[in-house]
file work24.tsv (TSV, C-alpha atoms and all ligand atoms)
chain	number	residue	atom	x	y	z
A	7	MET	CA	-203.30	2.94	-56.17
A	8	GLN	CA	-200.91	0.12	-57.02
A	9	HIS	CA	-200.57	-2.89	-54.75
A	10	VAL	CA	-197.41	-2.80	-52.59
A	11	ARG	CA	-195.99	-6.28	-52.03
A	12	THR	CA	-195.14	-6.99	-48.42
A	13	ILE	CA	-192.78	-9.48	-46.85
A	14	ASP	CA	-194.75	-10.39	-43.73
A	15	ARG	CA	-198.18	-10.21	-42.09
A	16	GLU	CA	-197.31	-6.91	-40.43
A	17	GLY	CA	-197.27	-5.32	-43.86
A	18	LYS	CA	-193.56	-4.48	-43.98
A	19	PRO	CA	-192.64	-3.62	-47.58
A	20	ALA	CA	-189.88	-5.37	-49.50
A	21	ALA	CA	-186.57	-3.51	-49.68
A	22	LEU	CA	-186.83	-3.69	-53.47
A	23	ASP	CA	-189.91	-4.79	-55.34
A	24	VAL	CA	-189.61	-5.21	-59.10
A	25	ALA	CA	-193.08	-5.96	-60.46
A	26	GLY	CA	-193.73	-6.90	-64.09
A	27	VAL	CA	-190.98	-4.69	-65.50
A	28	SER	CA	-190.26	-4.63	-69.23
A	29	HIS	CA	-187.90	-2.27	-71.05
A	30	PHE	CA	-187.29	-1.56	-74.72
A	31	TYR	CA	-184.39	0.18	-76.47
A	32	GLY	CA	-186.20	1.09	-79.69
A	33	HIS	CA	-187.47	-2.27	-80.95
A	34	LYS	CA	-185.02	-4.27	-78.85
A	35	GLN	CA	-186.59	-5.68	-75.70
A	36	ALA	CA	-183.97	-5.75	-72.93
A	37	LEU	CA	-186.28	-6.80	-70.04
A	38	LYS	CA	-189.35	-9.02	-70.31
A	39	ASP	CA	-191.88	-8.89	-67.50
A	40	VAL	CA	-189.27	-9.12	-64.74
A	41	SER	CA	-190.58	-9.62	-61.19
A	42	PHE	CA	-188.76	-10.33	-57.94
A	43	ILE	CA	-188.25	-8.90	-54.48
A	44	VAL	CA	-185.20	-8.26	-52.29
A	45	ARG	CA	-186.02	-8.78	-48.62
A	46	PRO	CA	-184.68	-6.38	-45.96
A	47	ALA	CA	-181.39	-7.59	-44.44
A	48	SER	CA	-180.75	-10.09	-47.22
A	49	PHE	CA	-178.07	-10.65	-49.84
A	50	THR	CA	-179.65	-11.26	-53.24
A	51	VAL	CA	-177.55	-12.10	-56.25
A	52	LEU	CA	-178.73	-10.96	-59.68
A	53	LEU	CA	-176.99	-13.46	-61.87
A	54	GLY	CA	-176.78	-13.16	-65.63
A	55	LEU	CA	-174.35	-13.38	-68.52
A	56	ASN	CA	-173.31	-10.28	-70.48
A	57	GLY	CA	-176.37	-8.74	-72.08
A	58	ALA	CA	-178.85	-10.44	-69.71
A	59	GLY	CA	-180.28	-7.06	-68.66
A	60	LYS	CA	-178.65	-6.44	-65.27
A	61	THR	CA	-177.44	-2.91	-66.01
A	62	THR	CA	-180.76	-2.00	-67.62
A	63	LEU	CA	-182.55	-3.08	-64.44
A	64	PHE	CA	-180.12	-1.01	-62.35
A	65	SER	CA	-180.68	2.02	-64.57
A	66	LEU	CA	-184.45	1.76	-64.13
A	67	THR	CA	-184.11	1.24	-60.37
A	68	ASN	CA	-181.99	4.40	-60.20
A	69	HIS	CA	-184.54	6.28	-62.25
A	70	LEU	CA	-182.06	7.02	-65.05
A	71	TYR	CA	-185.01	6.07	-67.26
A	72	ASP	CA	-188.71	6.05	-66.46
A	73	THR	CA	-190.17	2.60	-65.84
A	74	ARG	CA	-192.86	2.52	-68.53
A	75	HIS	CA	-193.95	-1.08	-68.13
A	76	GLY	CA	-194.41	-2.42	-64.60
A	77	ALA	CA	-193.32	-0.83	-61.32
A	78	ILE	CA	-190.24	-0.60	-59.12
A	79	ARG	CA	-190.61	0.22	-55.42
A	80	ILE	CA	-187.98	0.79	-52.78
A	81	PHE	CA	-189.37	0.15	-49.30
A	82	GLY	CA	-192.80	0.81	-50.78
A	83	HIS	CA	-191.85	4.05	-52.59
A	84	ASP	CA	-192.46	3.99	-56.33
A	85	ILE	CA	-189.35	5.08	-58.24
A	86	ASN	CA	-191.39	6.98	-60.86
A	87	ARG	CA	-193.90	8.71	-58.61
A	88	ASP	CA	-191.95	9.12	-55.39
A	89	SER	CA	-188.36	9.11	-56.63
A	90	GLY	CA	-186.93	11.34	-53.86
A	91	GLU	CA	-188.10	9.03	-51.07
A	92	ALA	CA	-187.13	5.95	-53.07
A	93	LEU	CA	-183.60	7.16	-53.94
A	94	ARG	CA	-182.94	8.33	-50.39
A	95	ARG	CA	-183.26	4.72	-49.24
A	96	MET	CA	-180.81	3.34	-51.76
A	97	GLY	CA	-177.04	3.43	-52.28
A	98	VAL	CA	-175.54	2.43	-55.63
A	99	VAL	CA	-172.18	1.27	-56.90
A	100	PHE	CA	-172.20	1.36	-60.68
A	101	GLN	CA	-170.21	-0.92	-62.94
A	102	ALA	CA	-168.29	2.00	-64.44
A	103	ARG	CA	-165.90	3.89	-62.18
A	104	THR	CA	-167.46	7.16	-61.00
A	105	LEU	CA	-164.96	8.86	-58.68
A	106	ASP	CA	-163.58	12.24	-59.69
A	107	LEU	CA	-159.90	11.32	-60.09
A	108	ASP	CA	-158.66	14.87	-59.47
A	109	LEU	CA	-160.37	15.14	-56.09
A	110	SER	CA	-159.22	13.56	-52.84
A	111	VAL	CA	-161.12	10.73	-51.22
A	112	ARG	CA	-162.52	13.20	-48.68
A	113	GLN	CA	-163.62	15.65	-51.40
A	114	ASN	CA	-165.34	12.91	-53.40
A	115	LEU	CA	-167.33	11.89	-50.32
A	116	ALA	CA	-168.02	15.47	-49.18
A	117	TYR	CA	-169.51	16.29	-52.58
A	118	HIS	CA	-171.87	13.32	-52.31
A	119	ALA	CA	-172.82	14.31	-48.73
A	120	CYS	CA	-173.69	17.76	-50.03
A	121	LEU	CA	-175.90	16.29	-52.76
A	122	HIS	CA	-177.79	14.41	-50.04
A	123	GLY	CA	-178.24	17.57	-47.97
A	124	ILE	CA	-175.95	16.37	-45.16
A	125	GLY	CA	-174.45	19.35	-43.26
A	126	ALA	CA	-170.67	19.88	-43.08
A	127	ARG	CA	-170.13	18.74	-39.47
A	128	GLU	CA	-172.33	15.69	-39.86
A	129	ALA	CA	-170.60	14.91	-43.18
A	130	THR	CA	-167.15	14.93	-41.52
A	131	ALA	CA	-168.29	12.38	-38.93
A	132	ARG	CA	-170.00	10.19	-41.51
A	133	ILE	CA	-167.02	10.28	-43.88
A	134	SER	CA	-164.69	8.98	-41.15
A	135	ALA	CA	-167.21	6.29	-40.18
A	136	VAL	CA	-167.78	4.95	-43.71
A	137	LEU	CA	-164.07	5.02	-44.56
A	138	GLU	CA	-163.44	2.97	-41.45
A	139	THR	CA	-166.10	0.48	-42.55
A	140	VAL	CA	-164.29	-0.09	-45.85
A	141	GLU	CA	-160.82	0.12	-44.26
A	142	MET	CA	-159.75	3.18	-46.23
A	143	SER	CA	-159.32	5.75	-43.44
A	144	GLU	CA	-155.61	6.16	-44.12
A	145	ARG	CA	-156.21	7.30	-47.69
A	146	ILE	CA	-158.66	10.10	-46.85
A	147	ASN	CA	-156.42	12.90	-48.13
A	148	ASP	CA	-155.09	11.07	-51.18
A	149	LYS	CA	-156.24	11.86	-54.70
A	150	ALA	CA	-158.59	9.23	-56.11
A	151	ARG	CA	-156.18	8.92	-59.03
A	152	SER	CA	-153.52	7.42	-56.74
A	153	LEU	CA	-155.73	4.51	-55.59
A	154	SER	CA	-155.71	0.97	-56.97
A	155	GLY	CA	-158.86	-0.40	-58.65
A	156	GLY	CA	-159.86	-2.26	-55.49
A	157	GLN	CA	-159.31	0.81	-53.32
A	158	MET	CA	-161.41	2.96	-55.67
A	159	ARG	CA	-164.22	0.42	-55.37
A	160	ARG	CA	-163.96	0.58	-51.58
A	161	VAL	CA	-164.31	4.37	-51.71
A	162	GLU	CA	-167.32	4.03	-54.02
A	163	ILE	CA	-168.89	1.66	-51.50
A	164	ALA	CA	-168.15	4.15	-48.70
A	165	ARG	CA	-169.79	6.87	-50.77
A	166	ALA	CA	-172.88	4.70	-51.36
A	167	LEU	CA	-173.13	4.14	-47.58
A	168	LEU	CA	-172.76	7.81	-46.65
A	169	HIS	CA	-176.47	8.62	-46.41
A	170	SER	CA	-177.12	5.36	-44.47
A	171	PRO	CA	-179.41	3.72	-47.03
A	172	PRO	CA	-181.10	0.46	-46.00
A	173	LEU	CA	-180.74	-0.90	-49.58
A	174	MET	CA	-177.58	-1.14	-51.64
A	175	LEU	CA	-177.26	-2.03	-55.31
A	176	LEU	CA	-173.90	-3.11	-56.71
A	177	ASP	CA	-173.42	-3.75	-60.43
A	178	GLU	CA	-170.48	-6.08	-61.15
A	179	ALA	CA	-168.61	-4.44	-58.27
A	180	THR	CA	-165.62	-6.78	-58.38
A	181	VAL	CA	-164.98	-6.85	-62.13
A	182	GLY	CA	-161.30	-6.36	-62.95
A	183	LEU	CA	-160.12	-6.83	-59.36
A	184	ASP	CA	-157.64	-9.44	-58.17
A	185	ILE	CA	-158.82	-12.36	-56.09
A	186	ARG	CA	-157.82	-10.78	-52.76
A	187	SER	CA	-159.59	-7.47	-53.43
A	188	ARG	CA	-162.68	-9.34	-54.62
A	189	ALA	CA	-162.81	-11.44	-51.47
A	190	GLY	CA	-162.29	-8.38	-49.26
A	191	ILE	CA	-165.10	-6.42	-50.90
A	192	MET	CA	-167.49	-9.39	-50.77
A	193	ALA	CA	-166.71	-9.87	-47.08
A	194	THR	CA	-167.31	-6.18	-46.31
A	195	ILE	CA	-170.69	-6.18	-48.02
A	196	ARG	CA	-171.82	-9.50	-46.55
A	197	ASN	CA	-170.80	-8.25	-43.12
A	198	LEU	CA	-173.03	-5.18	-43.54
A	199	VAL	CA	-175.97	-7.48	-44.25
A	200	THR	CA	-175.51	-9.43	-41.03
A	201	THR	CA	-174.39	-6.64	-38.72
A	202	ARG	CA	-176.46	-3.69	-39.94
A	203	GLY	CA	-179.38	-5.34	-41.66
A	204	LEU	CA	-178.51	-3.91	-45.08
A	205	ALA	CA	-180.46	-5.31	-48.04
A	206	VAL	CA	-178.16	-5.93	-51.00
A	207	LEU	CA	-178.75	-6.60	-54.68
A	208	TRP	CA	-175.44	-7.85	-56.08
A	209	ALA	CA	-175.32	-8.13	-59.87
A	210	THR	CA	-172.68	-10.46	-61.24
A	211	HIS	CA	-171.86	-13.09	-63.83
A	212	LEU	CA	-169.23	-14.65	-61.53
A	213	ILE	CA	-170.61	-17.84	-60.12
A	214	ASP	CA	-168.00	-18.10	-57.36
A	215	GLU	CA	-169.54	-15.01	-55.74
A	216	VAL	CA	-172.74	-16.93	-55.01
A	217	ASP	CA	-173.30	-18.65	-51.66
A	218	GLU	CA	-175.84	-21.44	-51.26
A	219	ASP	CA	-177.66	-19.50	-48.52
A	220	ASP	CA	-178.11	-16.43	-50.75
A	221	ASP	CA	-181.26	-15.51	-52.55
A	222	ALA	CA	-180.74	-15.39	-56.30
A	223	VAL	CA	-182.51	-14.11	-59.38
A	224	ILE	CA	-181.21	-15.57	-62.64
A	225	LEU	CA	-181.72	-13.38	-65.69
A	226	ARG	CA	-181.37	-14.76	-69.19
A	227	GLN	CA	-181.89	-12.56	-72.22
A	228	GLY	CA	-184.04	-10.17	-70.19
A	229	GLU	CA	-186.18	-12.83	-68.52
A	230	VAL	CA	-186.14	-14.28	-65.01
A	231	VAL	CA	-185.55	-18.01	-65.50
A	232	ALA	CA	-185.08	-18.94	-61.84
A	233	GLN	CA	-185.37	-17.26	-58.46
A	234	GLY	CA	-185.32	-18.21	-54.81
A	235	ARG	CA	-182.83	-19.57	-52.31
A	236	VAL	CA	-179.72	-20.74	-54.21
A	237	ARG	CA	-179.84	-24.25	-52.79
A	238	ASP	CA	-183.50	-24.56	-53.87
A	239	ILE	CA	-182.64	-23.42	-57.41
A	240	VAL	CA	-179.87	-26.03	-57.57
A	241	GLN	CA	-182.22	-28.75	-56.33
A	242	ALA	CA	-185.07	-27.75	-58.65
A	243	SER	CA	-182.80	-27.87	-61.68
A	244	ASP	CA	-181.51	-31.30	-60.66
A	245	CYS	CA	-177.92	-30.10	-60.55
A	246	SER	CA	-175.11	-30.47	-58.04
A	247	SER	CA	-174.04	-26.80	-57.92
A	248	ILE	CA	-175.26	-23.32	-58.82
A	249	GLY	CA	-172.53	-23.23	-61.50
A	250	GLU	CA	-173.98	-26.29	-63.16
A	251	ALA	CA	-177.55	-24.96	-62.81
A	252	PHE	CA	-176.54	-21.59	-64.31
A	253	THR	CA	-174.78	-23.25	-67.25
A	254	ARG	CA	-177.75	-25.50	-67.89
A	255	LEU	CA	-180.26	-22.64	-67.76
A	256	ASN	CA	-178.17	-20.63	-70.24
A	257	ARG	CA	-177.59	-23.64	-72.48
A	258	THR	CA	-181.34	-24.14	-72.68
A	259	ALA	CA	-181.60	-20.51	-73.81
A	260	ALA	CA	-179.02	-20.98	-76.55
A	261	ALA	CA	-180.84	-24.09	-77.80
A	262	GLU	CA	-184.20	-22.25	-77.83
A	263	ALA	CA	-182.64	-19.40	-79.83
A	264	MET	CA	-181.50	-21.79	-82.63
A	265	PRO	CA	-183.58	-21.56	-85.81
B	1	LIG	N1	-178.47	1.97	-74.80
B	1	LIG	C1	-178.79	0.84	-75.39
B	1	LIG	N2	-179.31	0.83	-76.63
B	1	LIG	C2	-179.67	-0.34	-77.23
B	1	LIG	N3	-179.54	-1.55	-76.66
B	1	LIG	C3	-179.02	-1.60	-75.43
B	1	LIG	C4	-178.62	-0.42	-74.73
B	1	LIG	N4	-178.15	-0.79	-73.51
B	1	LIG	C5	-178.25	-2.13	-73.47
B	1	LIG	N5	-178.78	-2.62	-74.61
B	1	LIG	C6	-179.08	-4.02	-74.91
B	1	LIG	O1	-179.95	-4.50	-73.89
B	1	LIG	C7	-179.59	-5.82	-73.50
B	1	LIG	C8	-179.29	-5.83	-71.99
B	1	LIG	O2	-178.09	-5.09	-71.77
B	1	LIG	P1	-177.53	-4.78	-70.29
B	1	LIG	O3	-176.35	-3.90	-70.45
B	1	LIG	O4	-178.64	-4.34	-69.45
B	1	LIG	O5	-177.07	-6.24	-69.84
B	1	LIG	P2	-176.06	-6.68	-68.69
B	1	LIG	O6	-176.61	-7.92	-68.11
B	1	LIG	O7	-175.83	-5.55	-67.76
B	1	LIG	O8	-174.73	-6.97	-69.49
B	1	LIG	P3	-173.21	-6.61	-69.12
B	1	LIG	O9	-172.85	-7.52	-68.01
B	1	LIG	O10	-172.50	-6.89	-70.40
B	1	LIG	O11	-173.18	-5.16	-68.73
B	1	LIG	C9	-178.40	-6.21	-74.37
B	1	LIG	O12	-178.89	-6.95	-75.46
B	1	LIG	C10	-177.84	-4.89	-74.83
B	1	LIG	O13	-177.23	-5.02	-76.09

call {"tool": "encode", "arguments": {"input": "work24.tsv", "output": "structure tokens", "more": "lines below"}}
Ligand SMILES: Nc1ncnc2c1ncn2[C@@H]1O[C@H](COP(=O)(O)OP(=O)(O)OP(=O)(O)O)[C@@H](O)[C@H]1O
result
Amino acid sequence: MQHVRTIDREGKPAALDVAGVSHFYGHKQALKDVSFIVRPASFTVLLGLNGAGKTTLFSLTNHLYDTRHGAIRIFGHDINRDSGEALRRMGVVFQARTLDLDLSVRQNLAYHACLHGIGAREATARISAVLETVEMSERINDKARSLSGGQMRRVEIARALLHSPPLMLLDEATVGLDIRSRAGIMATIRNLVTTRGLAVLWATHLIDEVDEDDDAVILRQGEVVAQGRVRDIVQASDCSSIGEAFTRLNRTAAAEAMP
């Protein structure tokens, strides 16, 4: 029996617990002994430059690959051994677009509801509720193909919320969107954390998406180089902003990699 990390004395499990995870693609090591937790009802930023290992970590958390080194638990459920219970508690928005462009917004969501075993009547109610949350109710009958990039992302977020998961993972969710769409999506997600107690892991390389009250995990070449409350990371690295701290941590990496 593996030890489940808890977040308080009552023994409540972490929303996401990544414990000593390493991952190899052939001989290439993409993750090196990565450990961190995401607390329930918190917004945690997974910050890393291209190639840091963010998508690999998401793939393992979604059980696209087996975790062979270390363990990943979602509300105490091990993703390898208890994947059904673990996945049921998690919604995901992948970096790549995943809507079926030839289906309507409603059909895209109904298909996902079906995959989660949600009955037709219940699905109809949930689809209207989640589309309202992301302010996309008016587009319910439109083909996904007719939506802008930002609107597609909103529908993907609605889809990830459909089975009411307490944990949501978003991988570079605002990439390619204009400044207004980015701000709108950030606000929607942050609002879900405060109003519904959602736990969020938000992977990005965009420093302006980080707030000083957030929790952050900084990944560099597959390794966690800093984690904790953003303002504590900034203070510990003797910098004046998270942008400066992030640049310094990555510069150190580049210097270490020099022959
Ligand atoms: N299928 C694969 N086969 C071999 N190497 C891979 C594969 N996928 C990723 N890698 C390597 O693993 C490392 C981590 O990549 P990953 O995509 O997880 O990083 P990332 O932080 O998500 O980057 P990005 O923001 O560019 O998506 C990189 O060095 C990458 O080249």

call {"tool": "residues_around", "arguments": {"input": "work24.tsv", "residues": "region 101-110 of chain A", "least_positions_apart": "4", "cutoff": "6 Å", "atoms": "all atoms listed in the file", "output": "JSON, numbers by chain"}}
result
{"A": [147, 148, 149, 150, 151, 177, 178]}

call {"tool": "closest_residue", "arguments": {"input": "work24.tsv", "among": "A:Gly54, A:Gly17, A:Gly228, A:Gly32", "to": "Gly249 (chain A)", "atoms": "only C-alpha atoms"}}
result
A:Gly54

call {"tool": "residues_around", "arguments": {"input": "work24.tsv", "residues": "Ser170 (chain A)", "least_positions_apart": "3", "cutoff": "12 Å", "atoms": "all atoms listed in the file", "output": "NGL selection string"}}
result
:A and (93-98 or 119 or 122 or 124 or 129 or 132-133 or 135-136 or 163-167 or 173-174 or 198 or 202-205)

call {"tool": "write_last_selection", "arguments": {"input": "work24.tsv", "atoms": "C-alpha atoms", "output": "PDB file, in the frame of the given file"}}
result
ATOM      1  CA  LEU A  93    -183.600   7.160 -53.940  1.00  0.00           C
ATOM      2  CA  ARG A  94    -182.940   8.330 -50.390  1.00  0.00           C
ATOM      3  CA  ARG A  95    -183.260   4.720 -49.240  1.00  0.00           C
ATOM      4  CA  MET A  96    -180.810   3.340 -51.760  1.00  0.00           C
ATOM      5  CA  GLY A  97    -177.040   3.430 -52.280  1.00  0.00           C
ATOM      6  CA  VAL A  98    -175.540   2.430 -55.630  1.00  0.00           C
ATOM      7  CA  ALA A 119    -172.820  14.310 -48.730  1.00  0.00           C
ATOM      8  CA  HIS A 122    -177.790  14.410 -50.040  1.00  0.00           C
ATOM      9  CA  ILE A 124    -175.950  16.370 -45.160  1.00  0.00           C
ATOM     10  CA  ALA A 129    -170.600  14.910 -43.180  1.00  0.00           C
ATOM     11  CA  ARG A 132    -170.000  10.190 -41.510  1.00  0.00           C
ATOM     12  CA  ILE A 133    -167.020  10.280 -43.880  1.00  0.00           C
ATOM     13  CA  ALA A 135    -167.210   6.290 -40.180  1.00  0.00           C
ATOM     14  CA  VAL A 136    -167.780   4.950 -43.710  1.00  0.00           C
ATOM     15  CA  ILE A 163    -168.890   1.660 -51.500  1.00  0.00           C
ATOM     16  CA  ALA A 164    -168.150   4.150 -48.700  1.00  0.00           C
ATOM     17  CA  ARG A 165    -169.790   6.870 -50.770  1.00  0.00           C
ATOM     18  CA  ALA A 166    -172.880   4.700 -51.360  1.00  0.00           C
ATOM     19  CA  LEU A 167    -173.130   4.140 -47.580  1.00  0.00           C
ATOM     20  CA  LEU A 173    -180.740  -0.900 -49.580  1.00  0.00           C
ATOM     21  CA  MET A 174    -177.580  -1.140 -51.640  1.00  0.00           C
ATOM     22  CA  LEU A 198    -173.030  -5.180 -43.540  1.00  0.00           C
ATOM     23  CA  ARG A 202    -176.460  -3.690 -39.940  1.00  0.00           C
ATOM     24  CA  GLY A 203    -179.380  -5.340 -41.660  1.00  0.00           C
ATOM     25  CA  LEU A 204    -178.510  -3.910 -45.080  1.00  0.00           C
ATOM     26  CA  ALA A 205    -180.460  -5.310 -48.040  1.00  0.00           C
TER      27      ALA A 205
END

call {"tool": "atom_distance", "arguments": {"input": "work24.tsv", "atom1": "CA of Trp208 (chain A)", "atom2": "CA of Val40 (chain A)"}}
result
16.4 Å

call {"tool": "residues_near_ligand", "arguments": {"input": "work24.tsv", "ligand": "ligand LIG 1 (chain B)", "cutoff": "6 Å", "atoms": "only C-alpha atoms and all ligand atoms", "output": "PDB file with C-alpha atoms, in the coordinates of the input"}}
result
ATOM      1  CA  TYR A  31    -184.390   0.180 -76.470  1.00  0.00           C
ATOM      2  CA  ALA A  36    -183.970  -5.750 -72.930  1.00  0.00           C
ATOM      3  CA  GLY A  54    -176.780 -13.160 -65.630  1.00  0.00           C
ATOM      4  CA  LEU A  55    -174.350 -13.380 -68.520  1.00  0.00           C
ATOM      5  CA  ASN A  56    -173.310 -10.280 -70.480  1.00  0.00           C
ATOM      6  CA  GLY A  57    -176.370  -8.740 -72.080  1.00  0.00           C
ATOM      7  CA  ALA A  58    -178.850 -10.440 -69.710  1.00  0.00           C
ATOM      8  CA  GLY A  59    -180.280  -7.060 -68.660  1.00  0.00           C
ATOM      9  CA  LYS A  60    -178.650  -6.440 -65.270  1.00  0.00           C
ATOM     10  CA  THR A  61    -177.440  -2.910 -66.010  1.00  0.00           C
ATOM     11  CA  THR A  62    -180.760  -2.000 -67.620  1.00  0.00           C
TER      12      THR A  62
END

call {"tool": "decode", "arguments": {"input": "work24.tsv", "residues": "region 102-137 of chain A", "atoms": "C-alpha atoms", "output": "mmCIF file, in the first residue's frame"}}
result
data_model
loop_
_atom_site.group_PDB
_atom_site.id
_atom_site.type_symbol
_atom_site.label_atom_id
_atom_site.label_comp_id
_atom_site.auth_asym_id
_atom_site.auth_seq_id
_atom_site.Cartn_x
_atom_site.Cartn_y
_atom_site.Cartn_z
ATOM 1 C CA ALA A 102 -4.305 20.607 -29.188
ATOM 2 C CA ARG A 103 -7.857 21.365 -30.295
ATOM 3 C CA THR A 104 -10.094 18.331 -29.794
ATOM 4 C CA LEU A 105 -13.625 19.307 -30.865
ATOM 5 C CA ASP A 106 -15.197 17.464 -33.775
ATOM 6 C CA LEU A 107 -15.544 20.346 -36.236
ATOM 7 C CA ASP A 108 -18.411 18.734 -38.154
ATOM 8 C CA LEU A 109 -20.598 18.370 -35.064
ATOM 9 C CA SER A 110 -22.551 21.130 -33.349
ATOM 10 C CA VAL A 111 -21.581 22.418 -29.927
ATOM 11 C CA ARG A 112 -24.469 20.427 -28.428
ATOM 12 C CA GLN A 113 -23.427 17.217 -30.223
ATOM 13 C CA ASN A 114 -19.809 17.575 -29.098
ATOM 14 C CA LEU A 115 -20.949 17.888 -25.484
ATOM 15 C CA ALA A 116 -23.616 15.168 -25.745
ATOM 16 C CA TYR A 117 -21.010 12.705 -27.017
ATOM 17 C CA HIS A 118 -18.790 13.438 -24.018
ATOM 18 C CA ALA A 119 -21.779 13.088 -21.634
ATOM 19 C CA CYS A 120 -22.460 9.686 -23.152
ATOM 20 C CA LEU A 121 -18.842 8.611 -22.606
ATOM 21 C CA HIS A 122 -19.256 9.508 -18.935
ATOM 22 C CA GLY A 123 -22.470 7.502 -18.657
ATOM 23 C CA ILE A 124 -24.664 10.584 -18.144
ATOM 24 C CA GLY A 125 -28.270 9.893 -19.261
ATOM 25 C CA ALA A 126 -29.912 11.952 -22.037
ATOM 26 C CA ARG A 127 -32.190 14.094 -19.839
ATOM 27 C CA GLU A 128 -29.471 14.814 -17.312
ATOM 28 C CA ALA A 129 -27.052 15.570 -20.176
ATOM 29 C CA THR A 130 -29.427 18.186 -21.639
ATOM 30 C CA ALA A 131 -29.601 20.016 -18.299
ATOM 31 C CA ARG A 132 -25.855 19.821 -17.750
ATOM 32 C CA ILE A 133 -25.046 20.995 -21.279
ATOM 33 C CA SER A 134 -27.137 24.157 -20.800
ATOM 34 C CA ALA A 135 -25.554 24.781 -17.383
ATOM 35 C CA VAL A 136 -21.928 24.422 -18.527
ATOM 36 C CA LEU A 137 -22.499 26.491 -21.678
#
